[in-house]
$ cat target_27.cif   # mmCIF, C-alpha atoms and all ligand atoms
data_final
loop_
_atom_site.label_atom_id
_atom_site.label_comp_id
_atom_site.auth_asym_id
_atom_site.auth_seq_id
_atom_site.Cartn_x
_atom_site.Cartn_y
_atom_site.Cartn_z
CA MET A 25 0.00 0.00 0.00
CA ARG A 26 1.27 3.41 -0.97
CA LEU A 27 0.61 5.21 2.34
CA GLN A 28 1.28 2.38 4.76
CA ASP A 29 1.95 3.73 8.29
CA LYS A 30 1.50 7.35 7.26
CA VAL A 31 -0.60 9.75 9.32
CA CYS A 32 -2.39 12.19 7.04
CA VAL A 33 -4.26 15.32 8.05
CA ILE A 34 -6.87 16.24 5.43
CA THR A 35 -8.76 19.54 5.78
CA GLY A 36 -12.16 20.08 4.23
CA ALA A 37 -12.75 16.37 4.73
CA GLY A 38 -16.54 16.59 4.84
CA SER A 39 -17.28 17.11 1.16
CA GLY A 40 -16.02 16.90 -2.41
CA MET A 41 -12.37 16.12 -2.96
CA GLY A 42 -11.50 16.04 0.74
CA ARG A 43 -14.10 13.40 1.40
CA VAL A 44 -12.89 11.24 -1.49
CA ALA A 45 -9.29 11.76 -0.39
CA CYS A 46 -10.05 10.38 3.09
CA GLY A 47 -11.35 7.16 1.54
CA VAL A 48 -8.54 6.76 -0.99
CA PHE A 49 -5.77 7.56 1.52
CA ALA A 50 -7.23 5.15 4.09
CA ARG A 51 -7.48 2.38 1.48
CA GLU A 52 -3.78 2.95 0.78
CA GLY A 53 -2.95 2.31 4.44
CA ALA A 54 -3.00 5.83 5.90
CA ARG A 55 -4.41 6.75 9.27
CA VAL A 56 -6.48 9.81 8.45
CA ALA A 57 -7.18 12.83 10.63
CA ALA A 58 -10.24 14.31 8.94
CA LEU A 59 -10.73 18.01 9.70
CA ASP A 60 -13.79 20.07 8.78
CA VAL A 61 -15.74 23.04 10.05
CA VAL A 62 -19.05 21.17 9.56
CA PRO A 63 -19.11 18.43 12.20
CA ASP A 64 -21.87 16.29 10.64
CA ALA A 65 -20.13 16.23 7.28
CA GLY A 66 -16.75 15.32 8.75
CA ALA A 67 -18.26 12.64 10.95
CA ARG A 68 -20.05 11.16 7.92
CA THR A 69 -16.79 10.91 6.00
CA VAL A 70 -15.13 9.14 8.92
CA ALA A 71 -18.05 6.72 9.24
CA GLU A 72 -17.69 5.87 5.53
CA VAL A 73 -13.96 5.29 5.87
CA ARG A 74 -14.45 3.03 8.87
CA ALA A 75 -17.26 1.14 7.14
CA GLY A 76 -14.74 0.39 4.38
CA GLY A 77 -12.25 -0.98 6.92
CA GLY A 78 -10.05 2.13 7.03
CA GLU A 79 -8.75 4.15 9.96
CA ALA A 80 -9.90 7.75 10.39
CA THR A 81 -10.88 10.16 13.14
CA PHE A 82 -12.84 13.39 12.83
CA PHE A 83 -11.52 16.57 14.40
CA PRO A 84 -13.71 19.70 14.23
CA CYS A 85 -11.67 22.57 12.84
CA ASP A 86 -12.21 25.99 11.32
CA VAL A 87 -8.97 26.47 9.41
CA ALA A 88 -9.40 30.26 9.53
CA ASP A 89 -9.27 30.26 13.33
CA GLU A 90 -5.88 29.96 15.05
CA GLN A 91 -7.08 28.39 18.29
CA SER A 92 -9.20 25.88 16.39
CA VAL A 93 -6.29 24.82 14.17
CA ARG A 94 -3.87 24.58 17.09
CA THR A 95 -6.31 22.38 19.00
CA ALA A 96 -7.15 20.11 16.05
CA MET A 97 -3.53 19.62 15.02
CA ALA A 98 -2.47 18.79 18.59
CA ALA A 99 -5.39 16.37 18.94
CA ALA A 100 -4.50 14.61 15.68
CA VAL A 101 -0.87 14.14 16.77
CA ASP A 102 -2.07 13.02 20.18
CA ARG A 103 -4.36 10.43 18.57
CA TYR A 104 -1.92 9.01 16.01
CA GLY A 105 1.49 9.90 17.46
CA LYS A 106 2.88 11.70 14.41
CA LEU A 107 2.01 13.69 11.29
CA ASP A 108 3.44 12.75 7.89
CA VAL A 109 1.13 14.50 5.42
CA LEU A 110 -0.76 17.78 5.60
CA TYR A 111 -3.29 18.00 2.77
CA ASN A 112 -4.56 21.59 2.82
CA ASN A 113 -7.74 21.04 0.84
CA ALA A 114 -10.34 23.20 2.63
CA GLY A 115 -11.47 26.19 0.62
CA ILE A 116 -14.49 28.33 -0.16
CA MET A 117 -15.77 29.97 -3.34
CA PRO A 118 -18.75 32.16 -2.42
CA ALA A 119 -21.26 33.19 -5.08
CA GLU A 120 -20.90 36.83 -3.90
CA ASP A 121 -17.29 36.92 -5.14
CA HIS A 122 -17.19 38.75 -8.49
CA SER A 123 -14.97 41.45 -9.98
CA VAL A 124 -12.97 43.78 -7.73
CA ILE A 125 -15.39 46.58 -8.58
CA ASP A 126 -18.43 44.81 -7.14
CA THR A 127 -17.11 42.52 -4.41
CA ALA A 128 -17.72 43.48 -0.78
CA VAL A 129 -14.71 43.78 1.51
CA ALA A 130 -16.30 41.23 3.86
CA VAL A 131 -16.47 38.66 1.05
CA TRP A 132 -12.86 39.33 0.03
CA ASP A 133 -11.69 39.01 3.64
CA ARG A 134 -13.62 35.79 4.27
CA VAL A 135 -12.18 34.12 1.15
CA MET A 136 -8.66 35.16 2.14
CA ALA A 137 -9.24 34.01 5.72
CA VAL A 138 -10.24 30.48 4.73
CA ASN A 139 -8.19 29.93 1.57
CA VAL A 140 -4.94 31.64 2.57
CA ARG A 141 -4.88 32.17 6.33
CA GLY A 142 -6.20 28.60 6.66
CA ILE A 143 -3.16 27.17 4.93
CA PHE A 144 -0.84 29.49 6.86
CA LEU A 145 -2.30 28.31 10.17
CA CYS A 146 -2.32 24.61 9.32
CA CYS A 147 1.31 24.86 8.24
CA LYS A 148 2.18 26.88 11.34
CA TYR A 149 0.94 24.10 13.61
CA ALA A 150 1.91 21.06 11.50
CA ILE A 151 5.44 21.95 10.39
CA PRO A 152 7.05 21.91 13.88
CA GLN A 153 5.88 18.30 14.28
CA MET A 154 7.27 17.42 10.83
CA GLN A 155 10.56 19.12 11.77
CA ARG A 156 10.79 16.91 14.86
CA GLN A 157 10.25 13.86 12.63
CA GLY A 158 12.68 15.08 9.95
CA ARG A 159 10.18 14.49 7.16
CA GLY A 160 6.77 15.42 5.86
CA SER A 161 4.71 16.27 2.79
CA ILE A 162 2.53 19.36 2.46
CA ILE A 163 -0.06 19.40 -0.31
CA ASN A 164 -1.74 22.74 -0.94
CA VAL A 165 -4.83 22.99 -3.13
CA ALA A 166 -4.76 26.03 -5.40
CA SER A 167 -6.80 26.24 -8.64
CA PHE A 168 -6.46 26.59 -12.40
CA VAL A 169 -8.03 30.04 -12.03
CA ALA A 170 -4.75 31.24 -10.52
CA LEU A 171 -3.05 30.54 -13.87
CA VAL A 172 -5.36 32.10 -16.45
CA GLY A 173 -7.73 35.06 -16.60
CA CYS A 174 -11.46 34.58 -16.83
CA SER A 175 -14.14 36.89 -18.23
CA VAL A 176 -16.48 35.69 -15.47
CA PRO A 177 -14.32 36.88 -12.55
CA GLN A 178 -14.09 35.62 -9.00
CA ASP A 179 -11.33 37.96 -8.00
CA ALA A 180 -11.03 37.14 -4.31
CA TYR A 181 -10.93 33.41 -5.01
CA THR A 182 -8.44 33.87 -7.88
CA ALA A 183 -6.13 36.05 -5.78
CA SER A 184 -6.35 33.61 -2.86
CA LYS A 185 -5.26 30.70 -5.04
CA GLY A 186 -2.38 32.73 -6.47
CA ALA A 187 -1.25 33.29 -2.90
CA VAL A 188 -1.41 29.54 -2.27
CA ILE A 189 0.99 28.90 -5.15
CA ALA A 190 3.44 31.59 -3.98
CA LEU A 191 3.36 30.35 -0.38
CA THR A 192 3.90 26.76 -1.54
CA LYS A 193 7.14 27.72 -3.28
CA SER A 194 8.41 29.57 -0.22
CA LEU A 195 7.64 26.56 2.01
CA ALA A 196 9.33 24.24 -0.48
CA ILE A 197 12.59 26.14 -0.32
CA GLN A 198 12.56 26.80 3.43
CA PHE A 199 11.78 23.33 4.68
CA ARG A 200 13.05 20.76 2.13
CA PRO A 201 16.50 20.78 3.78
CA GLN A 202 14.66 19.48 6.87
CA GLY A 203 12.94 16.73 4.87
CA ILE A 204 9.60 18.50 4.36
CA ARG A 205 8.31 18.75 0.78
CA SER A 206 5.65 21.25 -0.30
CA ASN A 207 3.70 21.11 -3.54
CA ALA A 208 0.56 22.68 -4.96
CA ILE A 209 -2.18 21.15 -7.07
CA CYS A 210 -4.20 23.30 -9.47
CA PRO A 211 -7.41 21.42 -10.20
CA GLY A 212 -9.53 22.40 -13.16
CA PRO A 213 -13.33 22.40 -12.78
CA ILE A 214 -14.24 19.31 -10.77
CA GLU A 215 -17.73 18.00 -10.15
CA THR A 216 -18.04 18.50 -6.38
CA PRO A 217 -20.72 20.26 -4.32
CA MET A 218 -18.66 23.47 -4.57
CA MET A 219 -18.86 23.44 -8.35
CA THR A 220 -22.27 21.91 -8.85
CA GLU A 221 -23.88 24.49 -6.58
CA TRP A 222 -22.19 27.33 -8.40
CA LEU A 223 -22.20 26.25 -12.00
CA LEU A 224 -23.87 23.08 -13.02
CA LYS A 225 -27.40 24.33 -12.40
CA ASP A 226 -26.83 27.00 -15.06
CA GLU A 227 -26.84 25.15 -18.36
CA ALA A 228 -25.45 28.02 -20.44
CA ALA A 229 -22.54 28.57 -18.05
CA ARG A 230 -21.90 24.85 -17.98
CA ASP A 231 -21.88 24.54 -21.76
CA VAL A 232 -19.51 27.44 -22.31
CA ARG A 233 -17.02 25.88 -19.90
CA LEU A 234 -17.32 22.42 -21.38
CA SER A 235 -16.73 23.86 -24.84
CA ARG A 236 -13.28 25.02 -23.61
CA GLN A 237 -12.46 21.63 -22.12
CA PRO A 238 -10.51 19.41 -24.55
CA SER A 239 -11.19 16.29 -22.47
CA GLY A 240 -14.94 16.81 -23.01
CA ARG A 241 -15.93 16.43 -19.37
CA PHE A 242 -15.55 18.05 -16.00
CA GLY A 243 -13.08 16.48 -13.63
CA ARG A 244 -13.96 13.91 -10.99
CA PRO A 245 -12.65 14.17 -7.43
CA GLU A 246 -10.51 11.05 -8.04
CA ASP A 247 -8.66 12.83 -10.87
CA VAL A 248 -7.22 15.24 -8.30
CA VAL A 249 -7.00 12.88 -5.35
CA ASN A 250 -4.80 10.50 -7.37
CA CYS A 251 -2.33 13.36 -7.80
CA ALA A 252 -2.50 14.08 -4.07
CA LEU A 253 -1.90 10.38 -3.38
CA TYR A 254 1.33 10.59 -5.38
CA LEU A 255 2.39 13.71 -3.46
CA ALA A 256 1.55 12.10 -0.12
CA SER A 257 3.53 8.95 -0.90
CA ASP A 258 7.30 8.49 -0.94
CA GLU A 259 7.12 8.10 -4.75
CA SER A 260 7.24 11.91 -4.91
CA ASP A 261 10.39 12.24 -2.79
CA TRP A 262 12.06 14.47 -5.41
CA THR A 263 8.93 16.49 -6.22
CA ASN A 264 9.16 19.79 -4.34
CA GLY A 265 7.86 23.27 -5.10
CA ALA A 266 5.89 21.86 -8.02
CA VAL A 267 2.60 23.24 -9.24
CA LEU A 268 0.79 20.25 -10.71
CA VAL A 269 -2.03 21.24 -13.04
CA ILE A 270 -4.76 18.59 -13.14
CA ASP A 271 -7.33 20.18 -15.40
CA GLY A 272 -8.04 17.98 -18.42
CA GLY A 273 -6.02 20.48 -20.47
CA ILE A 274 -8.29 23.51 -20.09
CA THR A 275 -5.50 25.95 -19.22
CA SER A 276 -3.54 24.89 -22.33
CA ASN A 277 -6.45 25.84 -24.56
CA TYR A 278 -5.79 28.99 -26.60
CA PHE A 279 -8.87 28.40 -28.79
N1 LIG B 301 -14.43 21.91 -7.40
C1 LIG B 301 -13.65 22.57 -8.21
O1 LIG B 301 -13.97 22.77 -9.40
C2 LIG B 301 -12.32 23.12 -7.74
C3 LIG B 301 -11.41 23.60 -8.70
C4 LIG B 301 -10.18 24.09 -8.28
C5 LIG B 301 -9.86 24.10 -6.93
N2 LIG B 301 -10.75 23.64 -6.01
C6 LIG B 301 -10.35 23.64 -4.60
O2 LIG B 301 -10.37 22.33 -4.11
C7 LIG B 301 -10.62 22.33 -2.70
C8 LIG B 301 -11.78 21.40 -2.39
O3 LIG B 301 -12.92 21.84 -3.11
P1 LIG B 301 -14.26 21.00 -3.29
O4 LIG B 301 -14.75 21.30 -4.65
O5 LIG B 301 -14.05 19.60 -2.88
O6 LIG B 301 -15.19 21.81 -2.25
P2 LIG B 301 -16.43 21.39 -1.33
O7 LIG B 301 -17.18 22.67 -1.10
O8 LIG B 301 -17.17 20.24 -1.90
O9 LIG B 301 -15.72 20.94 0.02
C9 LIG B 301 -14.99 21.86 0.79
C10 LIG B 301 -14.95 21.40 2.24
O10 LIG B 301 -14.22 22.37 2.99
C11 LIG B 301 -14.90 22.61 4.20
N3 LIG B 301 -14.57 23.94 4.71
C12 LIG B 301 -15.01 25.14 4.24
N4 LIG B 301 -14.55 26.12 5.02
C13 LIG B 301 -13.81 25.53 5.99
C14 LIG B 301 -13.11 26.04 7.12
N5 LIG B 301 -13.08 27.33 7.40
N6 LIG B 301 -12.44 25.16 7.89
C15 LIG B 301 -12.48 23.83 7.63
N7 LIG B 301 -13.15 23.29 6.60
C16 LIG B 301 -13.82 24.14 5.79
C17 LIG B 301 -16.37 22.49 3.85
O11 LIG B 301 -17.18 22.27 4.99
C18 LIG B 301 -16.35 21.31 2.89
O12 LIG B 301 -16.49 20.08 3.58
C19 LIG B 301 -10.90 23.79 -2.34
O13 LIG B 301 -9.72 24.37 -1.84
C20 LIG B 301 -11.26 24.41 -3.67
O14 LIG B 301 -11.02 25.80 -3.70
C21 LIG B 301 -11.98 23.15 -6.39
#
$ encode --input "target_27.cif" --output "structure tokens"
Amino acid sequence: MRLQDKVCVITGAGSGMGRVACGVFAREGARVAALDVVPDAGARTVAEVRAGGGEATFFPCDVADEQSVRTAMAAAVDRYGKLDVLYNNAGIMPAEDHSVIDTAVAVWDRVMAVNVRGIFLCCKYAIPQMQRQGRGSIINVASFVALVGCSVPQDAYTASKGAVIALTKSLAIQFRPQGIRSNAICPGPIETPMMTEWLLKDEAARDVRLSRQPSGRFGRPEDVVNCALYLASDESDWTNGAVLVIDGGITSNYF
């Protein structure tokens, strides 16, 4: 198994890609600390993992809140004794996020608090444990929207994901000498609750996006989680500071 004996913290574990990741990582032998701000959702994920014979524990956590992150990270290490992988997957994409000229400051700040401060805080409280162990893998979820412009803007979300990429590179250089790798994944549009709520109900918006997608379909959570599995495993020992674009080719599409 590819993650045998590894302890993996996965944020945003209650839905979408985080939920699928908990199942895949556990099937590959990981002990999973599943963190989410919605207790019912996180607990449901853990129940599914356990029903499949895997090992997982739910820890309530709002990644935007320092005390909450400190408590959850300490509880995860307490439960499993170590921390090998931090999969910073939690993120939000509110419908009220548009262009800079019509986005409220409160919306901008909330997106930054979850998508950027959340990763900062999880790293702040996970890296010291990884330093003690002399190894670790940090996986930060950015987005394809950080790489290309879009005529239907979500400027807070886009800026937040650009920050995730920049922070990932800084972490990669700072901590690799101590055995800690950091990489970012840029998923393209993936069929998860986040996307289906925002886009897939609007047929015109859906069609225009699919017409740009050379693979002819939206992504599935597994498409991204398989990349994260590689980054979590020792197979990626020499992959550091990488920005892996898993998008079906949409960002390569000029016309
Ligand atoms: N779905 C896509 O098309 C897509 C594309 C590119 C990037 N992404 C990114 O992938 C990641 C996962 O997205 P998804 O589509 O699976 O989303 P999702 O909405 O289905 O799941 C996100 C999870 O994060 C949790 N969460 C939200 N705020 C939190 C907080 N403050 N603290 C802890 N948990 C919190 C939610 O409760 C939920 O369980 C996000 O970072 C998202 O920005 C998604």
$ residues_near_ligand --input "target_27.cif" --ligand "ligand LIG 301 (chain B)" --cutoff "7 Å" --atoms "only C-alpha atoms and all ligand atoms" --output "ChimeraX atom specification"
/A:35-42,59-62,65,85-88,113-117,138-139,165-168,210-219
$ write_last_selection --input "target_27.cif" --atoms "C-alpha atoms" --output "PDB file, in the frame of the given file"
ATOM      1  CA  THR A  35      -8.760  19.540   5.780  1.00  0.00           C
ATOM      2  CA  GLY A  36     -12.160  20.080   4.230  1.00  0.00           C
ATOM      3  CA  ALA A  37     -12.750  16.370   4.730  1.00  0.00           C
ATOM      4  CA  GLY A  38     -16.540  16.590   4.840  1.00  0.00           C
ATOM      5  CA  SER A  39     -17.280  17.110   1.160  1.00  0.00           C
ATOM      6  CA  GLY A  40     -16.020  16.900  -2.410  1.00  0.00           C
ATOM      7  CA  MET A  41     -12.370  16.120  -2.960  1.00  0.00           C
ATOM      8  CA  GLY A  42     -11.500  16.040   0.740  1.00  0.00           C
ATOM      9  CA  LEU A  59     -10.730  18.010   9.700  1.00  0.00           C
ATOM     10  CA  ASP A  60     -13.790  20.070   8.780  1.00  0.00           C
ATOM     11  CA  VAL A  61     -15.740  23.040  10.050  1.00  0.00           C
ATOM     12  CA  VAL A  62     -19.050  21.170   9.560  1.00  0.00           C
ATOM     13  CA  ALA A  65     -20.130  16.230   7.280  1.00  0.00           C
ATOM     14  CA  CYS A  85     -11.670  22.570  12.840  1.00  0.00           C
ATOM     15  CA  ASP A  86     -12.210  25.990  11.320  1.00  0.00           C
ATOM     16  CA  VAL A  87      -8.970  26.470   9.410  1.00  0.00           C
ATOM     17  CA  ALA A  88      -9.400  30.260   9.530  1.00  0.00           C
ATOM     18  CA  ASN A 113      -7.740  21.040   0.840  1.00  0.00           C
ATOM     19  CA  ALA A 114     -10.340  23.200   2.630  1.00  0.00           C
ATOM     20  CA  GLY A 115     -11.470  26.190   0.620  1.00  0.00           C
ATOM     21  CA  ILE A 116     -14.490  28.330  -0.160  1.00  0.00           C
ATOM     22  CA  MET A 117     -15.770  29.970  -3.340  1.00  0.00           C
ATOM     23  CA  VAL A 138     -10.240  30.480   4.730  1.00  0.00           C
ATOM     24  CA  ASN A 139      -8.190  29.930   1.570  1.00  0.00           C
ATOM     25  CA  VAL A 165      -4.830  22.990  -3.130  1.00  0.00           C
ATOM     26  CA  ALA A 166      -4.760  26.030  -5.400  1.00  0.00           C
ATOM     27  CA  SER A 167      -6.800  26.240  -8.640  1.00  0.00           C
ATOM     28  CA  PHE A 168      -6.460  26.590 -12.400  1.00  0.00           C
ATOM     29  CA  CYS A 210      -4.200  23.300  -9.470  1.00  0.00           C
ATOM     30  CA  PRO A 211      -7.410  21.420 -10.200  1.00  0.00           C
ATOM     31  CA  GLY A 212      -9.530  22.400 -13.160  1.00  0.00           C
ATOM     32  CA  PRO A 213     -13.330  22.400 -12.780  1.00  0.00           C
ATOM     33  CA  ILE A 214     -14.240  19.310 -10.770  1.00  0.00           C
ATOM     34  CA  GLU A 215     -17.730  18.000 -10.150  1.00  0.00           C
ATOM     35  CA  THR A 216     -18.040  18.500  -6.380  1.00  0.00           C
ATOM     36  CA  PRO A 217     -20.720  20.260  -4.320  1.00  0.00           C
ATOM     37  CA  MET A 218     -18.660  23.470  -4.570  1.00  0.00           C
ATOM     38  CA  MET A 219     -18.860  23.440  -8.350  1.00  0.00           C
TER      39      MET A 219
END
$ atom_distance --input "target_27.cif" --atom1 "atom CA of A:Gly273" --atom2 "atom CA of A:Gln237"
6.7 Å
$ atom_distance --input "target_27.cif" --atom1 "atom CA of A:Phe49" --atom2 "atom CA of A:Val135"
27.3 Å
$ atom_distance --input "target_27.cif" --atom1 "atom CA of A:Thr275" --atom2 "atom CA of A:Leu253"
22.5 Å
$ residues_around --input "target_27.cif" --residues "stretch 186-196 of chain A" --least-positions-apart "6" --cutoff "9 Å" --atoms "only C-alpha atoms" --output "number ranges by chain"
A: 139-140, 143-144, 162-167, 169-171, 204-210, 264-267
$ closest_residue --input "target_27.cif" --among "A:Asp126, A:Asp89, A:Glu120, A:Asp108" --to "A:Cys146" --atoms "all atoms listed in the file"
A:Asp89
$ residues_near_point --input "target_27.cif" --point "(1.6, 11.1, -3.1)" --cutoff "12 Å" --atoms "all atoms listed in the file" --output "PyMOL selection string"
chain A and resi 25-28+30+32+45+48-49+52+54+108-111+160-163+205-209+248-264+268
$ closest_residue --input "target_27.cif" --among "A:Val33, A:Gln153, A:Gly77, A:Val172" --to "A:Ala57" --atoms "only C-alpha atoms"
A:Val33
$ axis_aligned_box --input "target_27.cif" --around "stretch 273-279 of chain A" --padding-each-side "4 Å" --output "lines of an AutoDock Vina configuration file"
center_x = -6.2
center_y = 24.7
center_z = -24.0
size_x = 13.3
size_y = 16.5
size_z = 17.6
$ residues_near_point --input "target_27.cif" --point "(-15.4, 38.6, -5.9)" --cutoff "10 Å" --atoms "all atoms listed in the file" --output "count of residues only"
23
$ residues_around --input "target_27.cif" --residues "A:Val56" --least-positions-apart "4" --cutoff "7 Å" --atoms "all atoms listed in the file" --output "PyMOL selection string"
chain A and resi 31-33+46+50+79-81
$ closest_residue --input "target_27.cif" --among "A:Ala96, A:Cys174, A:Leu145, A:Val73" --to "A:Asn112" --atoms "all atoms listed in the file"
A:Leu145
$ closest_residue --input "target_27.cif" --among "A:Val44, A:Ile151, A:Ile274, A:Val232" --to "A:Val101" --atoms "only C-alpha atoms"
A:Ile151
$ closest_residue --input "target_27.cif" --among "A:Ile270, A:Met136, A:Gln202, A:Gly142" --to "A:Gln91" --atoms "only C-alpha atoms"
A:Gly142
$ decode --input "target_27.cif" --residues "stretch 57-82 of chain A" --atoms "N, CA and C atoms" --output "short mmCIF file (atom, residue, chain, number, x, y, z; two decimals), in the first residue's frame"
data_model
loop_
_atom_site.label_atom_id
_atom_site.label_comp_id
_atom_site.auth_asym_id
_atom_site.auth_seq_id
_atom_site.Cartn_x
_atom_site.Cartn_y
_atom_site.Cartn_z
N ALA A 57 -6.55 11.84 9.76
CA ALA A 57 -7.18 12.83 10.63
C ALA A 57 -8.00 13.73 9.73
N ALA A 58 -9.32 13.60 9.83
CA ALA A 58 -10.24 14.31 8.94
C ALA A 58 -10.73 15.57 9.62
N LEU A 59 -10.36 16.73 9.09
CA LEU A 59 -10.73 18.01 9.70
C LEU A 59 -11.78 18.71 8.85
N ASP A 60 -12.81 19.26 9.51
CA ASP A 60 -13.79 20.07 8.78
C ASP A 60 -14.49 20.98 9.76
N VAL A 61 -15.01 22.08 9.21
CA VAL A 61 -15.74 23.04 10.05
C VAL A 61 -17.19 22.60 10.25
N VAL A 62 -17.66 21.67 9.43
CA VAL A 62 -19.05 21.17 9.56
C VAL A 62 -18.98 19.77 10.20
N PRO A 63 -19.31 19.69 11.49
CA PRO A 63 -19.11 18.43 12.20
C PRO A 63 -19.85 17.24 11.58
N ASP A 64 -21.11 17.43 11.19
CA ASP A 64 -21.87 16.29 10.64
C ASP A 64 -21.20 15.73 9.39
N ALA A 65 -20.73 16.65 8.54
CA ALA A 65 -20.13 16.23 7.28
C ALA A 65 -18.83 15.47 7.54
N GLY A 66 -18.01 16.00 8.44
CA GLY A 66 -16.75 15.32 8.75
C GLY A 66 -16.98 13.96 9.38
N ALA A 67 -17.96 13.91 10.28
CA ALA A 67 -18.26 12.64 10.95
C ALA A 67 -18.78 11.61 9.93
N ARG A 68 -19.53 12.08 8.95
CA ARG A 68 -20.05 11.16 7.92
C ARG A 68 -18.90 10.57 7.10
N THR A 69 -17.95 11.41 6.75
CA THR A 69 -16.79 10.91 6.00
C THR A 69 -16.06 9.83 6.80
N VAL A 70 -15.85 10.11 8.08
CA VAL A 70 -15.13 9.14 8.92
C VAL A 70 -15.91 7.83 9.03
N ALA A 71 -17.22 7.94 9.17
CA ALA A 71 -18.05 6.72 9.24
C ALA A 71 -17.91 5.91 7.95
N GLU A 72 -17.87 6.58 6.82
CA GLU A 72 -17.69 5.87 5.53
C GLU A 72 -16.34 5.17 5.47
N VAL A 73 -15.31 5.88 5.91
CA VAL A 73 -13.96 5.29 5.87
C VAL A 73 -13.92 4.04 6.75
N ARG A 74 -14.48 4.17 7.93
CA ARG A 74 -14.45 3.03 8.87
C ARG A 74 -15.29 1.87 8.35
N ALA A 75 -16.41 2.20 7.70
CA ALA A 75 -17.26 1.14 7.14
C ALA A 75 -16.49 0.37 6.06
N GLY A 76 -15.56 1.05 5.40
CA GLY A 76 -14.74 0.39 4.38
C GLY A 76 -13.51 -0.28 4.95
N GLY A 77 -13.39 -0.30 6.27
CA GLY A 77 -12.25 -0.98 6.92
C GLY A 77 -11.05 -0.09 7.13
N GLY A 78 -11.19 1.21 6.87
CA GLY A 78 -10.05 2.13 7.03
C GLY A 78 -10.02 2.76 8.40
N GLU A 79 -8.93 3.50 8.66
CA GLU A 79 -8.75 4.15 9.96
C GLU A 79 -8.82 5.67 9.78
N ALA A 80 -9.77 6.30 10.45
CA ALA A 80 -9.90 7.75 10.39
C ALA A 80 -10.57 8.26 11.65
N THR A 81 -10.25 9.51 12.01
CA THR A 81 -10.88 10.16 13.14
C THR A 81 -11.25 11.58 12.72
N PHE A 82 -12.42 12.02 13.14
CA PHE A 82 -12.84 13.39 12.83
C PHE A 82 -12.40 14.35 13.91
#
